[in-house]
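First comes the structure, then the notes that go with it.
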Amino acid sequence: MNSKTPNPPRRKLHIVTHGCQMNVYDSARMADVLAPLGYAPVDSPAGADMVIMNTCHIRERAADKMFSALGRLRVLKEDTGGKMLIAVTGCVAQAEGEVILKRAPYVDLVVGPQAYHRLPELIAAAHRTNNSVIDTEFPVEQKFDFLPDAAAPQGVIANLTIQEGCDKFCSFCVVPYTRGAESSRPAASILAEARRMVAQGTREIALLGQNVNAYHGAGPDGGVWSLAMLLQELAEIPNLLRLRYTTSHPSDMTDELIMAHRDNPALMPYLHLPVQSGSDKILAAMNRKHTADDFRRIVEKLRNARPDIAFTSDFIIGHPGETEADFQATMALVRETGFALAYSFNYSPRPGTPAAGLPQIPAGEKDARLYALQAELRRQQDAFNASTVGLTTPVLFTGAGRYPGQIAGRSLYAQPVVVEAPAPLTGEIRQVTITHANPNSLLGTINGHSTQETIAA
Ligand code: SF4
């Protein structure tokens, strides 16, 4: 900024983020878009100049909860004499659009996930017209082209969105309606952003996308790059030590990508691969485009390619039409596969999705099945964590632990690991012998200074 350009007035920005890592990434990018206007993040909405509620439609009764939260914000807005700007963004903004402005006319901006780069002009329009502004268009490429890269250092472990939207139309999911068609960011801009992140201290990057393994971005060579090709190029960046990607669809798990798990040493042996159900009948009803055996074959191929790989997954219990036999097929698949971690939910209808209008499974039945599934998944998670005790494994350190003298890091399997050490070792990898497994973290002792990314059991 030259000496004649006045600094923008300082303004307080509070962002509330619900939902997935992509929303977390988007919230950070919105803060970056607004920084040149003088907006700086604050922890509380009270007295803020602008509050953004970045919403998630996956949550049960997401719209109802959002309207309750907006009611509370309305009181805070009145405390500022009506000056506070309230923006609703994310998937509920996309899905509910005009309804939000009708039910909560004190909301100033409703902005869909593809229009965040236009926030400055939308804010100006709201001020100029003294009216609410809505932008829920789907100009996907523009968002990727115009959102600024991360301004602030992202930390040792960081996310990078490479793909958005989905063409799969699973019966239970709103993503194809709220995030639009599949769209991949050009490889060159991803590589440039990754290089900048590494220069600022990032050592592990998780590539994000609603259907990340469907990635097919324009390559700098004029061709179309697959996720495996992109991962290979990212692995060449000096000091970028670890790579992950999420969320994947089994149908897009190509042999090329499976072989990347064998051949790309930066790729962590840990894959989130949602299967949702073990029943072919329910998978067909869900429009998942794969069978339970397809999933088994993919898991087997990945285990052959990378024997130390571990899996996490998602399950939806009580989809319309699910019988006890269908549920038992899910339990069988869970027992056979063995998961390091999994997320499981009762099916709940999302307005506008195909399964929402079908006869629903009684809540009590769904709850009983979910309880049984979660008990088995918890047992598997505990067993997985316990199996690491006594192993020596590389840990990427991220900074201080909770208590004095402790430092914290992540294992190959993204488990938090805590050790006692005199120096923080931030951004460095050390071999750690695991001494104890807690339900959600591991304790260990540093053992040598190797940076080799393999388990030496
Ligand atoms: S593949 Fe994933 S994002 Fe796409 S519709 Fe299915 S659940 Fe939703």
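We label chains A, B, ... in the order they appear in the structure tokens, count residues from 1 in each chain, and number ligands from 1 in the order shown.
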Open item on the list: Can you pull out every residue from range 85-324 of chain A that DSSP, working from the backbone, puts in alpha helix (DSSP H), and format the result as a PyMOL selection string?
Closed with: chain A and resi 90-96+98-103+119-129+140-146+175-178+187-199+227-235+255-263+280-285+292-305+324
Cut-off 9 Å, only C-alpha atoms and all ligand atoms, neighbours of ligand 1 as a PyMOL selection string | chain A and resi 165-177+179+182+209-211+247-250+274+276+286-288
Restricted to N, CA, C and O atoms, what would the selected residues look like written as an mmCIF file, in the first residue's frame?
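Result file follows (again_24.cif):
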data_model
loop_
_atom_site.group_PDB
_atom_site.id
_atom_site.type_symbol
_atom_site.label_atom_id
_atom_site.label_comp_id
_atom_site.auth_asym_id
_atom_site.auth_seq_id
_atom_site.Cartn_x
_atom_site.Cartn_y
_atom_site.Cartn_z
ATOM 1 N N GLY A 165 -18.077 -29.733 -5.053
ATOM 2 C CA GLY A 165 -19.292 -30.196 -5.710
ATOM 3 C C GLY A 165 -19.284 -31.686 -5.960
ATOM 4 O O GLY A 165 -18.289 -32.379 -5.704
ATOM 5 N N CYS A 166 -20.406 -32.190 -6.458
ATOM 6 C CA CYS A 166 -20.533 -33.636 -6.625
ATOM 7 C C CYS A 166 -21.610 -33.931 -7.652
ATOM 8 O O CYS A 166 -22.638 -33.259 -7.690
ATOM 9 N N ASP A 167 -21.337 -34.939 -8.489
ATOM 10 C CA ASP A 167 -22.317 -35.368 -9.496
ATOM 11 C C ASP A 167 -22.959 -36.701 -9.122
ATOM 12 O O ASP A 167 -23.640 -37.304 -9.955
ATOM 13 N N LYS A 168 -22.727 -37.193 -7.912
ATOM 14 C CA LYS A 168 -23.150 -38.560 -7.594
ATOM 15 C C LYS A 168 -24.627 -38.656 -7.180
ATOM 16 O O LYS A 168 -25.240 -39.685 -7.346
ATOM 17 N N PHE A 169 -25.173 -37.652 -6.549
ATOM 18 C CA PHE A 169 -26.577 -37.627 -6.147
ATOM 19 C C PHE A 169 -26.976 -38.828 -5.296
ATOM 20 O O PHE A 169 -27.928 -39.552 -5.615
ATOM 21 N N CYS A 170 -26.257 -39.063 -4.227
ATOM 22 C CA CYS A 170 -26.690 -40.066 -3.252
ATOM 23 C C CYS A 170 -28.049 -39.626 -2.696
ATOM 24 O O CYS A 170 -28.304 -38.428 -2.536
ATOM 25 N N SER A 171 -28.887 -40.610 -2.378
ATOM 26 C CA SER A 171 -30.294 -40.314 -2.063
ATOM 27 C C SER A 171 -30.465 -39.447 -0.819
ATOM 28 O O SER A 171 -31.496 -38.822 -0.642
ATOM 29 N N PHE A 172 -29.462 -39.429 0.040
ATOM 30 C CA PHE A 172 -29.608 -38.785 1.349
ATOM 31 C C PHE A 172 -28.898 -37.436 1.426
ATOM 32 O O PHE A 172 -28.916 -36.786 2.467
ATOM 33 N N CYS A 173 -28.226 -37.022 0.354
ATOM 34 C CA CYS A 173 -27.224 -35.958 0.483
ATOM 35 C C CYS A 173 -27.620 -34.692 -0.280
ATOM 36 O O CYS A 173 -28.126 -34.761 -1.405
ATOM 37 N N VAL A 174 -27.361 -33.549 0.335
ATOM 38 C CA VAL A 174 -27.715 -32.269 -0.288
ATOM 39 C C VAL A 174 -26.570 -31.657 -1.088
ATOM 40 O O VAL A 174 -26.769 -30.659 -1.780
ATOM 41 N N VAL A 175 -25.384 -32.243 -0.983
ATOM 42 C CA VAL A 175 -24.204 -31.590 -1.583
ATOM 43 C C VAL A 175 -24.383 -31.263 -3.072
ATOM 44 O O VAL A 175 -24.075 -30.144 -3.501
ATOM 45 N N PRO A 176 -24.904 -32.188 -3.903
ATOM 46 C CA PRO A 176 -25.045 -31.823 -5.316
ATOM 47 C C PRO A 176 -25.955 -30.614 -5.535
ATOM 48 O O PRO A 176 -25.820 -29.904 -6.525
ATOM 49 N N TYR A 177 -26.876 -30.384 -4.581
ATOM 50 C CA TYR A 177 -27.789 -29.244 -4.716
ATOM 51 C C TYR A 177 -27.195 -27.972 -4.123
ATOM 52 O O TYR A 177 -27.526 -26.868 -4.557
ATOM 53 N N ARG A 179 -23.670 -27.460 -3.383
ATOM 54 C CA ARG A 179 -22.313 -27.121 -3.844
ATOM 55 C C ARG A 179 -22.182 -27.230 -5.355
ATOM 56 O O ARG A 179 -21.119 -26.938 -5.910
ATOM 57 N N GLU A 182 -19.504 -31.259 -9.908
ATOM 58 C CA GLU A 182 -18.079 -31.469 -9.623
ATOM 59 C C GLU A 182 -17.221 -30.461 -10.375
ATOM 60 O O GLU A 182 -17.415 -30.262 -11.572
ATOM 61 N N GLY A 209 -11.975 -32.159 -0.760
ATOM 62 C CA GLY A 209 -12.991 -32.074 -1.807
ATOM 63 C C GLY A 209 -14.182 -32.908 -1.391
ATOM 64 O O GLY A 209 -14.011 -33.893 -0.662
ATOM 65 N N GLN A 210 -15.379 -32.507 -1.825
ATOM 66 C CA GLN A 210 -16.537 -33.334 -1.478
ATOM 67 C C GLN A 210 -16.421 -34.711 -2.112
ATOM 68 O O GLN A 210 -16.945 -35.689 -1.609
ATOM 69 N N ASN A 211 -15.748 -34.756 -3.243
ATOM 70 C CA ASN A 211 -15.531 -36.013 -3.962
ATOM 71 C C ASN A 211 -14.104 -35.961 -4.480
ATOM 72 O O ASN A 211 -13.849 -35.939 -5.667
ATOM 73 N N THR A 247 -12.772 -36.048 0.949
ATOM 74 C CA THR A 247 -13.399 -37.342 1.181
ATOM 75 C C THR A 247 -13.504 -38.089 -0.136
ATOM 76 O O THR A 247 -13.848 -37.478 -1.148
ATOM 77 N N SER A 248 -13.303 -39.387 -0.100
ATOM 78 C CA SER A 248 -13.254 -40.171 -1.327
ATOM 79 C C SER A 248 -14.540 -40.976 -1.515
ATOM 80 O O SER A 248 -15.207 -41.319 -0.553
ATOM 81 N N HIS A 249 -14.834 -41.267 -2.764
ATOM 82 C CA HIS A 249 -15.952 -42.158 -3.098
ATOM 83 C C HIS A 249 -15.352 -43.462 -3.630
ATOM 84 O O HIS A 249 -14.442 -43.416 -4.464
ATOM 85 N N PRO A 250 -15.867 -44.625 -3.181
ATOM 86 C CA PRO A 250 -15.278 -45.883 -3.651
ATOM 87 C C PRO A 250 -15.238 -45.992 -5.175
ATOM 88 O O PRO A 250 -14.273 -46.543 -5.733
ATOM 89 N N PRO A 274 -15.782 -43.609 2.733
ATOM 90 C CA PRO A 274 -17.146 -43.876 3.212
ATOM 91 C C PRO A 274 -17.802 -45.014 2.443
ATOM 92 O O PRO A 274 -17.750 -45.045 1.209
ATOM 93 N N GLN A 276 -21.013 -46.339 3.894
ATOM 94 C CA GLN A 276 -22.397 -46.016 4.271
ATOM 95 C C GLN A 276 -23.222 -47.219 4.685
ATOM 96 O O GLN A 276 -23.999 -47.152 5.627
ATOM 97 N N MET A 286 -29.564 -46.076 -1.920
ATOM 98 C CA MET A 286 -28.826 -44.826 -1.655
ATOM 99 C C MET A 286 -28.227 -44.230 -2.931
ATOM 100 O O MET A 286 -27.642 -43.151 -2.892
ATOM 101 N N ASN A 287 -28.321 -44.979 -4.054
ATOM 102 C CA ASN A 287 -27.709 -44.541 -5.314
ATOM 103 C C ASN A 287 -26.198 -44.367 -5.162
ATOM 104 O O ASN A 287 -25.609 -43.416 -5.693
ATOM 105 N N ARG A 288 -25.578 -45.325 -4.443
ATOM 106 C CA ARG A 288 -24.142 -45.179 -4.176
ATOM 107 C C ARG A 288 -23.257 -45.623 -5.336
ATOM 108 O O ARG A 288 -22.062 -45.374 -5.359
#
query: Which neighbours of Ser411 in chain A fall inside 8 Å, counting only C-alpha atoms, when residues of the same chain fewer than 6 positions from it are skipped, and could you give them as a list in words?
result: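 Near neighbours after the sequence-gap exclusion: Thr393, Pro394, Val395, Leu396 and Val417 of chain A.
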Output the selection as a short mmCIF file (atom, residue, chain, number, x, y, z; two decimals), in the first residue's frame - C-alpha atoms for each residue.
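After the write, result_23.cif holds the following:
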data_model
loop_
_atom_site.label_atom_id
_atom_site.label_comp_id
_atom_site.auth_asym_id
_atom_site.auth_seq_id
_atom_site.Cartn_x
_atom_site.Cartn_y
_atom_site.Cartn_z
CA THR A 393 6.56 -44.71 14.69
CA PRO A 394 7.29 -41.33 13.07
CA VAL A 395 5.48 -38.37 14.60
CA LEU A 396 5.21 -34.93 13.00
CA VAL A 417 0.65 -38.07 20.11
#
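CA of Thr312 in chain A sits 18.0 Å away from CA of Ala329 in chain A.
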Next item on the list: Skip Ala285 in chain A itself and residues of its chain fewer than 2 positions away, then list as a PyMOL selection string all residues within 10 Å of it, counting only C-alpha atoms.
Entry: chain A and resi 170-172+279-283+287-289+319-322+354-355
For Val389 in chain A, list every protein, DNA or RNA residue within 6 Å, evaluated using only C-alpha atoms, and leave out those in the same chain fewer than 5 positions away; present the list as a short mmCIF file (atom, residue, chain, number, x, y, z; two decimals) with N, CA and C atoms, in the first residue's frame.
data_model
loop_
_atom_site.label_atom_id
_atom_site.label_comp_id
_atom_site.auth_asym_id
_atom_site.auth_seq_id
_atom_site.Cartn_x
_atom_site.Cartn_y
_atom_site.Cartn_z
N ILE A 434 5.59 -45.62 21.26
CA ILE A 434 4.29 -45.40 21.90
C ILE A 434 4.24 -46.22 23.19
N THR A 435 3.90 -45.53 24.29
CA THR A 435 3.90 -46.21 25.60
C THR A 435 2.50 -46.41 26.15
N HIS A 436 1.54 -45.62 25.67
CA HIS A 436 0.20 -45.71 26.25
C HIS A 436 -0.82 -45.21 25.23
#
Legend entry - Non-local contacts of Leu412 in chain A (10 Å; only C-alpha atoms; under 3 positions in same chain excluded) as a VMD selection string: chain A and resid 242 267 to 270 308 to 310 393 to 396 415 to 416 453 to 455
In Å and to one decimal, CA of Lys83 in chain A is distant from CA of Gly47 in chain A by 9.5 Å
Exercise: Ala260 in chain A partners within 10 Å, only C-alpha atoms, chain neighbours under 3 positions left out, as a list of chain:residue names: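 Skipping anything fewer than 3 positions along the chain leaves A:Leu227, A:Ala228, A:Met229, A:Leu231, A:Gln232, A:Thr254, A:Asp255, A:Glu256, A:Leu257, A:Asp263, A:Asn264, A:Pro265, A:Ala266, A:Leu267, A:Leu302, A:Ala305, A:Arg306.
Coordinates place CA of Ser183 in chain A at a distance of 5.4 Å from CA of Glu164 in chain A.
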- Query: Quick one: of A:Asp293, A:Val42, A:Ile162, A:Leu191, who's nearest to Tyr25 in chain A, counting only C-alpha atoms?
  - Reply: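 Result for the nearest residue to Tyr25 in chain A: A:Ile162.
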Review point. When DSSP works through the backbone of this structure, what residues of range 166-206 of chain A end up as strand (DSSP E or B), shown as a PyMOL selection string?
Key: chain A and resi 183-184+204-206
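Nearest residue to Lys77 in chain A among A:Val107, A:Val224, A:Ala187, A:Ala192 is A:Val107, counting only C-alpha atoms.
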Note to self: Calculated over only C-alpha atoms, which of the candidates A:Leu358, A:Ile407, A:Leu70, A:Ala292 has the smallest distance to Ala332 in chain A?
What the structure shows: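 Among A:Leu358, A:Ile407, A:Leu70, A:Ala292, it is A:Ala292 that comes nearest to Ala332 in chain A.
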Name the closest residue to Ala235 in chain A among the candidates A:Phe397, A:Asp326, A:Arg203, A:Arg118; distances are taken between atoms, counting only C-alpha atoms.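 Among A:Phe397, A:Asp326, A:Arg203, A:Arg118, it is A:Arg203 that comes nearest to Ala235 in chain A.
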So which one's closest to Gln328 in chain A, A:Leu101, A:Ala48, A:Leu373, A:Ile429? Using only C-alpha atoms, please.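 Selected residue with least distance to Gln328 in chain A: A:Leu373.
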Considering only C-alpha atoms, can you say which of A:Thr388, A:Asn447, A:Ser189, A:Asn213 comes closest to Leu271 in chain A?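 Residue with the minimum atom-to-atom distance to Leu271 in chain A: A:Asn213.
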